[in-house]
$ cat structure.tsv   # TSV, C-alpha atoms
chain	number	residue	atom	x	y	z
Q	20	MET	CA	28.87	30.63	-29.27
Q	21	THR	CA	30.75	33.79	-28.38
Q	22	PRO	CA	34.12	33.49	-26.56
Q	23	GLU	CA	32.65	35.18	-23.45
Q	24	ARG	CA	29.84	32.71	-23.25
Q	25	ARG	CA	32.24	29.80	-23.76
Q	26	ARG	CA	34.54	31.06	-21.01
Q	27	PHE	CA	31.58	31.54	-18.67
Q	28	LEU	CA	30.38	27.99	-19.29
Q	29	GLY	CA	33.90	26.73	-18.69
Q	30	TRP	CA	33.95	28.42	-15.31
Q	31	GLY	CA	30.59	26.87	-14.48
Q	32	ALA	CA	31.83	23.38	-15.37
Q	33	ALA	CA	34.99	23.88	-13.32
Q	34	ALA	CA	32.99	25.12	-10.35
Q	35	ALA	CA	30.62	22.14	-10.60
Q	36	ALA	CA	33.55	19.70	-10.75
Q	37	GLY	CA	35.19	21.38	-7.78
Q	38	ALA	CA	31.96	21.24	-5.80
Q	39	ALA	CA	31.61	17.53	-6.47
Q	40	ALA	CA	35.24	17.08	-5.32
Q	41	VAL	CA	35.89	14.52	-8.01
Q	42	THR	CA	38.96	14.39	-10.21
Q	43	THR	CA	37.72	15.11	-13.73
Q	44	LEU	CA	39.84	13.88	-16.62
Q	45	ALA	CA	37.34	14.90	-19.27
Q	46	PRO	CA	33.62	15.63	-19.18
Q	47	GLY	CA	31.91	12.46	-17.95
Q	48	LEU	CA	35.19	10.63	-17.32
Q	49	ARG	CA	36.31	10.66	-13.73
Q	50	LEU	CA	39.33	9.21	-12.00
Q	51	VAL	CA	37.64	8.58	-8.68
Q	52	GLU	CA	34.33	6.86	-9.10
Q	53	LEU	CA	31.45	7.19	-6.72
Q	54	ALA	CA	32.29	4.89	-3.84
Q	55	ARG	CA	29.92	6.58	-1.42
Q	56	ALA	CA	26.25	5.73	-0.89
Q	57	ARG	CA	23.85	7.84	-2.88
Q	58	SER	CA	21.91	10.46	-1.00
Q	59	PRO	CA	18.12	9.83	-1.03
Q	60	ASP	CA	17.47	12.72	-3.43
Q	61	GLU	CA	20.02	11.57	-5.97
Q	62	ALA	CA	18.87	9.55	-8.97
Q	63	ALA	CA	20.41	6.19	-9.81
Q	64	SER	CA	23.22	6.73	-12.27
Q	65	ALA	CA	24.48	4.84	-15.31
Q	66	LEU	CA	28.01	5.24	-13.93
Q	67	GLN	CA	27.31	2.14	-11.90
Q	68	ARG	CA	26.07	-1.21	-12.97
Q	69	TRP	CA	25.14	-3.40	-10.07
Q	70	GLY	CA	25.76	-7.10	-10.37
Q	71	LEU	CA	26.45	-10.35	-8.60
Q	72	LEU	CA	29.22	-12.90	-8.83
Q	73	ILE	CA	28.19	-16.36	-7.65
Q	74	ASP	CA	30.78	-19.07	-7.06
Q	75	THR	CA	28.92	-22.37	-7.35
Q	76	ALA	CA	31.90	-24.27	-5.91
Q	77	LYS	CA	31.27	-22.53	-2.59
Q	78	CYS	CA	27.48	-22.92	-2.80
Q	79	SER	CA	26.37	-25.75	-0.54
Q	80	ASP	CA	22.98	-27.36	-0.04
Q	81	CYS	CA	21.63	-24.60	2.21
Q	82	ASP	CA	18.96	-22.12	1.17
Q	83	ALA	CA	20.03	-19.16	3.30
Q	84	CYS	CA	19.81	-16.85	0.27
Q	85	VAL	CA	16.24	-17.93	-0.49
Q	86	SER	CA	14.97	-17.52	3.06
Q	87	ALA	CA	16.78	-14.19	3.46
Q	88	CYS	CA	15.12	-12.94	0.27
Q	89	ARG	CA	11.73	-14.11	1.44
Q	90	GLU	CA	12.24	-12.39	4.77
Q	91	GLU	CA	13.50	-9.13	3.25
Q	92	ASN	CA	10.93	-8.87	0.48
Q	93	GLY	CA	7.98	-10.54	2.16
Q	94	TRP	CA	7.00	-12.97	-0.60
Q	95	THR	CA	5.27	-15.90	1.00
Q	96	GLY	CA	3.62	-18.88	-0.56
Q	97	HIS	CA	0.24	-20.47	-0.23
Q	98	ASP	CA	1.67	-24.01	-0.52
Q	99	ARG	CA	0.85	-23.98	-4.21
Q	100	PRO	CA	4.25	-24.49	-5.85
Q	101	ALA	CA	2.88	-24.12	-9.38
Q	102	THR	CA	1.71	-20.55	-8.82
Q	103	ASP	CA	3.54	-19.27	-5.73
Q	104	ALA	CA	5.85	-16.31	-6.25
Q	105	GLN	CA	9.52	-17.17	-6.36
Q	106	TRP	CA	12.10	-14.40	-6.58
Q	107	ILE	CA	15.11	-16.65	-6.07
Q	108	ARG	CA	15.42	-20.44	-6.10
Q	109	LYS	CA	18.07	-23.08	-5.70
Q	110	VAL	CA	18.69	-25.07	-8.87
Q	111	SER	CA	20.44	-28.45	-8.75
Q	112	LEU	CA	22.52	-29.55	-11.73
Q	113	ARG	CA	23.79	-33.07	-12.28
Q	114	ASP	CA	26.14	-34.28	-14.96
Q	115	ARG	CA	24.54	-37.46	-16.23
Q	116	ARG	CA	27.79	-39.11	-17.27
Q	117	SER	CA	29.98	-38.35	-14.27
Q	118	GLY	CA	27.27	-37.89	-11.67
Q	119	PHE	CA	28.85	-34.61	-10.56
Q	120	ALA	CA	26.16	-32.57	-8.83
Q	121	GLN	CA	26.18	-28.89	-8.02
Q	122	THR	CA	23.66	-26.36	-6.83
Q	123	LEU	CA	23.30	-22.67	-7.47
Q	124	PRO	CA	20.94	-19.81	-6.67
Q	125	LEU	CA	19.01	-18.52	-9.67
Q	126	MET	CA	17.21	-15.19	-9.79
Q	127	CYS	CA	16.64	-12.31	-12.21
Q	128	GLN	CA	19.92	-11.97	-14.11
Q	129	HIS	CA	19.51	-8.18	-14.55
Q	130	CYS	CA	20.40	-8.32	-18.25
Q	131	GLU	CA	21.78	-5.40	-20.19
Q	132	HIS	CA	19.38	-6.34	-23.00
Q	133	PRO	CA	16.45	-7.77	-21.06
Q	134	PRO	CA	13.85	-9.69	-23.12
Q	135	CYS	CA	11.25	-8.89	-20.45
Q	136	VAL	CA	11.65	-5.18	-21.20
Q	137	ASP	CA	11.50	-5.78	-24.96
Q	138	VAL	CA	8.12	-7.51	-24.81
Q	139	CYS	CA	6.37	-5.36	-22.18
Q	140	PRO	CA	3.42	-3.63	-23.88
Q	141	THR	CA	3.02	-0.89	-21.25
Q	142	GLY	CA	6.59	-0.03	-20.31
Q	143	ALA	CA	6.09	-1.43	-16.83
Q	144	SER	CA	9.09	-3.70	-17.19
Q	145	PHE	CA	12.14	-1.47	-17.31
Q	146	ARG	CA	15.85	-1.30	-16.70
Q	147	ARG	CA	17.00	1.32	-14.23
Q	148	ALA	CA	20.01	3.50	-15.09
Q	149	ASP	CA	22.23	1.45	-12.77
Q	150	GLY	CA	21.32	-1.82	-14.48
Q	151	ILE	CA	18.64	-3.13	-12.10
Q	152	VAL	CA	15.70	-4.61	-14.00
Q	153	LEU	CA	12.39	-3.85	-12.29
Q	154	VAL	CA	8.62	-3.93	-12.74
Q	155	ASP	CA	6.71	-0.69	-12.21
Q	156	LYS	CA	3.63	-2.29	-10.71
Q	157	HIS	CA	1.73	0.97	-11.07
Q	158	ILE	CA	1.60	0.40	-14.84
Q	159	CYS	CA	1.84	-3.40	-15.00
Q	160	ILE	CA	-1.38	-4.83	-16.41
Q	161	GLY	CA	-0.52	-8.42	-15.54
Q	162	CYS	CA	-0.33	-9.71	-19.11
Q	163	ARG	CA	2.65	-11.93	-18.21
Q	164	TYR	CA	4.43	-11.52	-21.55
Q	165	CYS	CA	7.63	-10.91	-19.57
Q	166	VAL	CA	7.16	-14.15	-17.64
Q	167	MET	CA	7.09	-15.95	-21.00
Q	168	ALA	CA	10.01	-13.98	-22.44
Q	169	CYS	CA	12.48	-14.45	-19.59
Q	170	PRO	CA	14.84	-17.32	-20.49
Q	171	PHE	CA	15.64	-17.85	-16.81
Q	172	GLY	CA	12.07	-18.23	-15.57
Q	173	ALA	CA	12.85	-15.51	-13.07
Q	174	ARG	CA	9.50	-13.75	-12.98
Q	175	SER	CA	6.39	-14.62	-11.00
Q	176	PHE	CA	2.82	-13.48	-11.15
Q	177	VAL	CA	0.91	-12.66	-7.98
Q	178	HIS	CA	-2.30	-14.67	-8.11
Q	179	GLU	CA	-3.69	-13.95	-4.67
Q	180	PRO	CA	-4.55	-10.82	-2.69
Q	181	THR	CA	-1.58	-9.86	-0.54
Q	182	THR	CA	-1.43	-8.60	3.04
Q	183	GLY	CA	1.38	-7.80	5.43
Q	184	GLN	CA	3.74	-6.48	2.76
Q	185	LYS	CA	7.04	-4.92	3.77
Q	186	PRO	CA	6.83	-1.10	3.70
Q	187	ASP	CA	9.65	-0.88	1.13
Q	188	VAL	CA	8.45	-3.79	-0.97
Q	189	PRO	CA	4.89	-3.29	-2.18
Q	190	ARG	CA	3.45	-6.32	-3.97
Q	191	GLY	CA	-0.09	-7.04	-5.05
Q	192	LYS	CA	-2.43	-9.28	-6.94
Q	193	GLY	CA	-2.44	-9.01	-10.71
Q	194	THR	CA	1.12	-7.80	-11.17
Q	195	VAL	CA	4.37	-9.47	-12.11
Q	196	GLU	CA	7.36	-9.41	-9.80
Q	197	SER	CA	10.90	-10.69	-9.60
Q	198	CYS	CA	14.24	-10.17	-7.88
Q	199	THR	CA	14.85	-6.43	-7.51
Q	200	LEU	CA	18.46	-6.93	-6.43
Q	201	CYS	CA	17.04	-5.60	-3.14
Q	202	VAL	CA	16.81	-2.17	-4.71
Q	203	GLN	CA	15.62	-0.67	-1.40
Q	204	ARG	CA	18.84	-1.85	0.25
Q	205	VAL	CA	21.06	-0.88	-2.68
Q	206	ASP	CA	19.59	2.63	-2.52
Q	207	ARG	CA	20.63	2.78	1.13
Q	208	GLY	CA	24.15	1.65	0.22
Q	209	GLU	CA	23.69	-1.90	1.51
Q	210	ARG	CA	24.16	-5.29	-0.12
Q	211	PRO	CA	21.21	-7.46	-1.21
Q	212	ALA	CA	19.76	-9.72	1.49
Q	213	CYS	CA	20.87	-12.95	-0.26
Q	214	VAL	CA	24.48	-11.81	-0.42
Q	215	GLU	CA	24.33	-10.67	3.17
Q	216	ALA	CA	22.96	-14.06	4.31
Q	217	CYS	CA	25.43	-16.08	2.23
Q	218	ASN	CA	28.37	-14.23	3.71
Q	219	ARG	CA	26.92	-14.25	7.22
Q	220	ASP	CA	26.72	-18.03	7.11
Q	221	GLY	CA	30.35	-18.16	6.05
Q	222	HIS	CA	29.82	-19.63	2.60
Q	223	GLY	CA	30.92	-16.54	0.75
Q	224	ALA	CA	29.49	-17.90	-2.51
Q	225	MET	CA	27.79	-14.62	-3.46
Q	226	ALA	CA	29.40	-11.23	-3.98
Q	227	PHE	CA	27.69	-7.96	-4.86
Q	228	GLY	CA	29.26	-4.95	-6.48
Q	229	ASP	CA	29.60	-2.48	-9.30
Q	230	LEU	CA	30.51	-4.18	-12.58
Q	231	ASN	CA	31.68	-0.83	-13.98
Q	232	ASN	CA	34.15	-0.25	-11.19
Q	233	ALA	CA	37.32	-2.02	-12.32
Q	234	ALA	CA	39.05	-1.11	-9.06
Q	235	GLY	CA	36.31	-2.58	-6.86
Q	236	ASP	CA	36.30	-6.11	-5.44
Q	237	LEU	CA	33.88	-7.43	-8.01
Q	238	GLY	CA	35.62	-5.75	-10.95
Q	239	ARG	CA	38.99	-7.09	-9.86
Q	240	ARG	CA	37.67	-10.63	-9.49
Q	241	LEU	CA	35.89	-10.55	-12.83
Q	242	ARG	CA	39.10	-9.40	-14.50
Q	243	SER	CA	41.39	-11.96	-12.86
Q	244	GLU	CA	39.16	-15.03	-12.46
Q	245	PRO	CA	37.12	-16.98	-15.00
Q	246	SER	CA	33.37	-16.43	-14.88
Q	247	SER	CA	30.47	-17.08	-17.20
Q	248	ALA	CA	26.99	-15.85	-17.97
Q	249	LEU	CA	24.00	-18.18	-18.06
Q	250	ARG	CA	22.76	-18.67	-21.63
Q	251	ALA	CA	25.64	-16.61	-23.00
Q	252	ASP	CA	24.41	-17.60	-26.47
Q	253	LEU	CA	21.50	-15.17	-26.10
Q	254	LYS	CA	23.94	-12.24	-25.74
Q	255	LEU	CA	21.86	-10.61	-23.02
Q	256	ASN	CA	24.95	-9.59	-21.02
Q	257	PRO	CA	23.48	-10.40	-17.60
Q	258	GLY	CA	24.61	-8.55	-14.49
Q	259	VAL	CA	24.75	-11.86	-12.59
Q	260	ARG	CA	27.85	-13.92	-13.32
Q	261	TYR	CA	28.68	-17.47	-12.25
Q	262	GLN	CA	31.95	-19.18	-11.45
Q	263	SER	CA	32.90	-22.90	-11.41
Q	264	LEU	CA	29.89	-23.73	-13.53
H	7	MET	CA	-55.36	12.55	17.28
H	8	ARG	CA	-53.96	16.03	17.72
H	9	LEU	CA	-51.70	14.70	20.50
H	10	ALA	CA	-50.42	11.93	18.24
H	11	PHE	CA	-49.50	14.50	15.55
H	12	ALA	CA	-47.74	16.60	18.14
H	13	ILE	CA	-45.70	13.60	19.32
H	14	ILE	CA	-44.74	12.63	15.78
H	15	ALA	CA	-43.79	16.23	14.99
H	16	ALA	CA	-41.66	16.40	18.14
H	17	LEU	CA	-39.95	13.11	17.33
H	18	LEU	CA	-39.19	14.26	13.78
H	19	ALA	CA	-37.73	17.50	15.08
H	20	ILE	CA	-35.45	15.63	17.51
H	21	ALA	CA	-34.38	13.18	14.78
H	22	GLY	CA	-33.68	16.13	12.47
H	23	ASP	CA	-31.55	17.84	15.10
H	24	ALA	CA	-29.53	14.69	15.71
H	25	HIS	CA	-29.11	14.35	11.98
H	26	THR	CA	-27.59	17.75	11.36
H	27	GLY	CA	-25.66	18.12	14.61
H	28	GLY	CA	-22.26	16.85	15.74
H	29	THR	CA	-20.32	14.51	13.48
H	30	HIS	CA	-22.88	14.50	10.71
H	31	ALA	CA	-22.99	16.70	7.63
H	32	GLY	CA	-25.83	15.65	5.43
H	33	ARG	CA	-26.44	11.94	5.45
H	34	VAL	CA	-22.87	10.74	5.70
H	35	PRO	CA	-20.67	10.84	8.80
H	36	LEU	CA	-17.73	13.21	8.50
H	37	PRO	CA	-14.39	11.47	8.13
H	38	ALA	CA	-12.14	10.96	11.13
H	39	MET	CA	-9.22	13.12	10.06
H	40	LYS	CA	-6.71	12.89	12.81
H	41	ALA	CA	-3.04	13.54	12.29
H	42	GLU	CA	-1.46	11.09	14.65
H	43	ARG	CA	2.10	12.29	14.69
H	44	GLY	CA	3.95	15.58	14.23
H	45	GLU	CA	2.88	19.22	14.33
H	46	SER	CA	2.18	19.90	10.69
H	47	CYS	CA	2.01	18.10	7.38
H	48	VAL	CA	4.32	18.70	4.41
H	49	ALA	CA	1.89	21.33	3.10
H	50	PRO	CA	-1.13	23.23	4.47
H	51	ALA	CA	-4.23	21.09	4.98
H	52	GLU	CA	-6.13	22.84	2.18
H	53	GLU	CA	-3.43	22.01	-0.31
H	54	MET	CA	-3.05	18.47	0.96
H	55	ARG	CA	-6.77	17.85	0.57
H	56	ARG	CA	-6.71	18.95	-3.05
H	57	ASN	CA	-3.31	17.80	-4.19
H	58	HIS	CA	-1.99	14.92	-2.10
H	59	MET	CA	-2.58	12.50	-4.96
H	60	LYS	CA	-0.52	14.61	-7.34
H	61	MET	CA	2.37	14.69	-4.88
H	62	LEU	CA	2.22	10.92	-4.44
H	63	PHE	CA	1.92	10.38	-8.17
H	64	HIS	CA	4.99	12.48	-8.89
H	65	GLN	CA	7.02	10.89	-6.13
H	66	ARG	CA	6.14	7.33	-7.09
H	67	ASP	CA	7.62	7.66	-10.58
H	68	GLU	CA	10.79	9.22	-9.24
H	69	THR	CA	11.16	6.50	-6.65
H	70	VAL	CA	10.42	3.51	-8.86
H	71	HIS	CA	12.29	4.63	-11.95
H	72	GLU	CA	15.12	6.73	-10.57
H	73	GLY	CA	15.54	5.47	-7.03
H	74	ILE	CA	14.90	8.87	-5.45
H	75	ARG	CA	13.74	8.07	-1.95
H	76	THR	CA	13.18	11.40	-0.26
H	77	LYS	CA	10.74	11.13	2.60
H	78	ARG	CA	8.79	14.35	2.11
H	79	PHE	CA	6.15	13.10	-0.34
H	80	SER	CA	6.59	9.36	0.09
H	81	LEU	CA	3.58	7.17	0.78
H	82	LYS	CA	5.56	5.36	3.46
H	83	GLN	CA	6.03	8.65	5.30
H	84	CYS	CA	2.30	9.49	4.97
H	85	VAL	CA	1.44	6.17	6.58
H	86	ASP	CA	4.09	6.54	9.28
H	87	CYS	CA	2.57	9.82	10.49
H	88	HIS	CA	-1.12	9.21	9.84
H	89	ALA	CA	-1.58	5.57	10.83
H	90	SER	CA	-3.88	5.19	13.81
H	91	ARG	CA	-2.19	4.71	17.15
H	92	LYS	CA	-4.69	2.03	18.00
H	93	THR	CA	-4.61	-0.11	14.88
H	94	GLY	CA	-1.34	1.08	13.34
H	95	SER	CA	-3.16	1.38	10.01
H	96	VAL	CA	-4.49	4.12	7.73
H	97	LEU	CA	-7.36	1.85	6.70
H	98	GLY	CA	-10.29	0.65	8.74
H	99	GLU	CA	-13.43	2.50	9.75
H	100	LYS	CA	-11.63	5.45	11.34
H	101	GLY	CA	-8.45	5.10	9.33
H	102	PHE	CA	-7.00	8.40	8.07
H	103	CYS	CA	-7.10	7.44	4.39
H	104	ALA	CA	-10.08	5.09	4.38
H	105	SER	CA	-12.57	7.27	6.25
H	106	CYS	CA	-12.07	10.32	4.04
H	107	HIS	CA	-12.06	8.30	0.85
H	108	ALA	CA	-15.31	6.66	1.95
H	109	TYR	CA	-16.76	10.11	2.59
H	110	ALA	CA	-15.66	11.39	-0.82
H	111	ALA	CA	-16.62	8.11	-2.52
H	112	VAL	CA	-13.22	7.83	-4.18
H	113	LYS	CA	-11.68	4.40	-4.39
H	114	ILE	CA	-7.99	4.13	-3.53
H	115	ASP	CA	-5.93	1.22	-4.71
H	116	CYS	CA	-2.62	2.23	-3.10
H	117	PHE	CA	-3.09	-0.39	-0.44
H	118	GLU	CA	-3.76	-3.25	-2.82
H	119	CYS	CA	0.03	-3.43	-2.98
H	120	HIS	CA	1.42	-1.05	-0.34
H	121	THR	CA	1.09	-1.90	3.30
H	122	PRO	CA	-1.34	0.34	5.19
H	123	MET	CA	0.55	-0.33	8.40
H	124	ARG	CA	3.08	1.98	10.05
H	125	SER	CA	6.54	0.61	9.26
H	126	THR	CA	7.50	-0.25	12.83
H	127	GLN	CA	4.37	-2.37	13.20
H	128	ALA	CA	4.42	-3.67	9.65
H	129	ALA	CA	7.76	-5.30	10.29
H	130	GLY	CA	6.21	-7.55	12.90
H	131	ALA	CA	2.75	-7.85	11.37
H	132	PRO	CA	1.42	-11.36	10.88
H	133	ARG	CA	1.66	-12.59	7.32
$ encode --input "structure.tsv" --output "structure tokens"
Amino acid sequence: MTPERRRFLGWGAAAAAGAAAVTTLAPGLRLVELARARSPDEAASALQRWGLLIDTAKCSDCDACVSACREENGWTGHDRPATDAQWIRKVSLRDRRSGFAQTLPLMCQHCEHPPCVDVCPTGASFRRADGIVLVDKHICIGCRYCVMACPFGARSFVHEPTTGQKPDVPRGKGTVESCTLCVQRVDRGERPACVEACNRDGHGAMAFGDLNNAAGDLGRRLRSEPSSALRADLKLNPGVRYQSL
Amino acid sequence: MRLAFAIIAALLAIAGDAHTGGTHAGRVPLPAMKAERGESCVAPAEEMRRNHMKMLFHQRDETVHEGIRTKRFSLKQCVDCHASRKTGSVLGEKGFCASCHAYAAVKIDCFECHTPMRSTQAAGAPR
């Protein structure tokens, strides 16, 4: 590379950094992270990793998160619990010796190393740059390997023809689906419906945020308070963390 | 006998006229292509007829995999403009998508998963 060319490229990089109005320490390392909502034409970025922090001590017997999810994403049952889709469910735990009971919401854990993505034969199951694990239903063939592979039982298969879907949440017979972390809301800069409902009802058991942003609410809490991952032994590094478990 | 032939001939001629005239081209009724909302589409009609599927195909991968949600080539935006005022849908006998696809004998499976209803109506549609 000639010196002229190098200098020219340097100017270009400086101009780009200036245009983005972000303090650049080194290429790819920025002081001020993206706190603003993405514009619709901007791709999801690996600078963020979206996640949830769920405090089971604050989680009561209600199912506001489940009904909010059902309302937002339009998954409805046919009164057939064995086959009905279930994006999020309440799980009750009871210590046999002490009798201590607790309840927690369980959904796709948005793993960093998702087994569902590993086993998908078509590439339909994928992890978006910002850590959200999704199914591309355009290429899902409905083999259900991912349903088998998920250690959390988070995925469902759509057995029946669907009608009345939400415009942002297409879902149809013969494909697998699961919690999308309300990707349509996240893309608009909003919180997932479950988190919204939990906080609206005053429980405050669920928090949503960027796991990569150490200065954000979620990052600060994860650094200062104890939290754990479900099935930490599998080393999947889930994006959903639990407290008081 | 000659009169009978004349009547049959006349009837055939009338039937033939009705067949070729008005909303019919050949044996199949022409599709009801009515843009319900807005002045013009995202591209000229000729291009849309040929290439709308390519635009949707390109956009769908960007949206699902990268989260790019621009409205210009999104299926949701197609439906919002083209859904019938009466039924709120792009399907049905005179639906924008369904009638033309029936005419061209091309099966669409977009609406196996996506709602064919305009978003304002879809929100309150019975489930």
$ closest_residue --input "structure.tsv" --among "H:Ser46, H:Ser125, H:Ser80, H:Thr93" --to "H:His64" --atoms "all atoms listed in the file"
H:Ser80
$ residues_around --input "structure.tsv" --residues "H:Ala104" --least-positions-apart "3" --cutoff "12 Å" --atoms "all atoms listed in the file" --output "VMD selection string"
chain H and resid 36 to 40 85 88 to 90 95 to 101 107 to 117 122
$ write_last_selection --input "structure.tsv" --atoms "C-alpha atoms" --output "PDB file, keeping the file's coordinate frame"
ATOM      1  CA  LEU H  36     -17.730  13.210   8.500  1.00  0.00           C
ATOM      2  CA  PRO H  37     -14.390  11.470   8.130  1.00  0.00           C
ATOM      3  CA  ALA H  38     -12.140  10.960  11.130  1.00  0.00           C
ATOM      4  CA  MET H  39      -9.220  13.120  10.060  1.00  0.00           C
ATOM      5  CA  LYS H  40      -6.710  12.890  12.810  1.00  0.00           C
ATOM      6  CA  VAL H  85       1.440   6.170   6.580  1.00  0.00           C
ATOM      7  CA  HIS H  88      -1.120   9.210   9.840  1.00  0.00           C
ATOM      8  CA  ALA H  89      -1.580   5.570  10.830  1.00  0.00           C
ATOM      9  CA  SER H  90      -3.880   5.190  13.810  1.00  0.00           C
ATOM     10  CA  SER H  95      -3.160   1.380  10.010  1.00  0.00           C
ATOM     11  CA  VAL H  96      -4.490   4.120   7.730  1.00  0.00           C
ATOM     12  CA  LEU H  97      -7.360   1.850   6.700  1.00  0.00           C
ATOM     13  CA  GLY H  98     -10.290   0.650   8.740  1.00  0.00           C
ATOM     14  CA  GLU H  99     -13.430   2.500   9.750  1.00  0.00           C
ATOM     15  CA  LYS H 100     -11.630   5.450  11.340  1.00  0.00           C
ATOM     16  CA  GLY H 101      -8.450   5.100   9.330  1.00  0.00           C
ATOM     17  CA  HIS H 107     -12.060   8.300   0.850  1.00  0.00           C
ATOM     18  CA  ALA H 108     -15.310   6.660   1.950  1.00  0.00           C
ATOM     19  CA  TYR H 109     -16.760  10.110   2.590  1.00  0.00           C
ATOM     20  CA  ALA H 110     -15.660  11.390  -0.820  1.00  0.00           C
ATOM     21  CA  ALA H 111     -16.620   8.110  -2.520  1.00  0.00           C
ATOM     22  CA  VAL H 112     -13.220   7.830  -4.180  1.00  0.00           C
ATOM     23  CA  LYS H 113     -11.680   4.400  -4.390  1.00  0.00           C
ATOM     24  CA  ILE H 114      -7.990   4.130  -3.530  1.00  0.00           C
ATOM     25  CA  ASP H 115      -5.930   1.220  -4.710  1.00  0.00           C
ATOM     26  CA  CYS H 116      -2.620   2.230  -3.100  1.00  0.00           C
ATOM     27  CA  PHE H 117      -3.090  -0.390  -0.440  1.00  0.00           C
ATOM     28  CA  PRO H 122      -1.340   0.340   5.190  1.00  0.00           C
TER      29      PRO H 122
END
$ atom_distance --input "structure.tsv" --atom1 "atom CA of Q:Ala104" --atom2 "atom CA of Q:Glu91"
14.2 Å
$ closest_residue --input "structure.tsv" --among "H:Ala51, H:Val34, H:Met123, H:Ile74" --to "H:Cys87" --atoms "all atoms listed in the file"
H:Met123
$ closest_residue --input "structure.tsv" --among "H:Arg55, H:His71, H:Arg66, H:Lys77" --to "Q:Asp149" --atoms "all atoms listed in the file"
H:His71
$ interface_residues --input "structure.tsv" --of "chain H" --to "chain Q" --cutoff "12 Å" --atoms "only C-alpha atoms" --output "PyMOL selection string"
chain H and resi 62-63+65-86+95+115-133
$ atom_distance --input "structure.tsv" --atom1 "atom CA of Q:Cys162" --atom2 "atom CA of Q:Cys127"
18.5 Å
$ residues_near_point --input "structure.tsv" --point "(29.2, 2.3, -16.6)" --cutoff "10 Å" --atoms "only C-alpha atoms" --output "PDB file with C-alpha atoms, keeping the file's coordinate frame"
ATOM      1  CA  SER Q  64      23.220   6.730 -12.270  1.00  0.00           C
ATOM      2  CA  ALA Q  65      24.480   4.840 -15.310  1.00  0.00           C
ATOM      3  CA  LEU Q  66      28.010   5.240 -13.930  1.00  0.00           C
ATOM      4  CA  GLN Q  67      27.310   2.140 -11.900  1.00  0.00           C
ATOM      5  CA  ARG Q  68      26.070  -1.210 -12.970  1.00  0.00           C
ATOM      6  CA  TRP Q  69      25.140  -3.400 -10.070  1.00  0.00           C
ATOM      7  CA  ALA Q 148      20.010   3.500 -15.090  1.00  0.00           C
ATOM      8  CA  ASP Q 149      22.230   1.450 -12.770  1.00  0.00           C
ATOM      9  CA  GLY Q 150      21.320  -1.820 -14.480  1.00  0.00           C
ATOM     10  CA  ASP Q 229      29.600  -2.480  -9.300  1.00  0.00           C
ATOM     11  CA  LEU Q 230      30.510  -4.180 -12.580  1.00  0.00           C
ATOM     12  CA  ASN Q 231      31.680  -0.830 -13.980  1.00  0.00           C
ATOM     13  CA  ASN Q 232      34.150  -0.250 -11.190  1.00  0.00           C
TER      14      ASN Q 232
END
$ atom_distance --input "structure.tsv" --atom1 "atom CA of Q:His129" --atom2 "atom CA of Q:Phe176"
17.8 Å
$ closest_residue --input "structure.tsv" --among "Q:Asn218, Q:Ser246, Q:Ser117, Q:Ser175" --to "Q:Ala87" --atoms "all atoms listed in the file"
Q:Asn218
$ closest_residue --input "structure.tsv" --among "Q:Val85, Q:Ala233, Q:Cys135, Q:Val259" --to "Q:Ser247" --atoms "only C-alpha atoms"
Q:Val259
$ closest_residue --input "structure.tsv" --among "Q:Lys77, Q:Asp103, Q:Asn92, Q:Ala251" --to "Q:Glu179" --atoms "only C-alpha atoms"
Q:Asp103
$ axis_aligned_box --input "structure.tsv" --around "stretch 52-68 of chain H" --padding-each-side "5 Å" --output "JSON"
{"center_x": 2.0, "center_y": 15.1, "center_z": -4.2, "size_x": 27.6, "size_y": 25.5, "size_z": 22.8}
$ residues_around --input "structure.tsv" --residues "Q:Leu125" --least-positions-apart "3" --cutoff "9 Å" --atoms "all atoms listed in the file" --output "list in words"
Trp106, Ile107, Arg108, Lys109, Val110, Gln128, Phe171 and Ala173 of chain Q
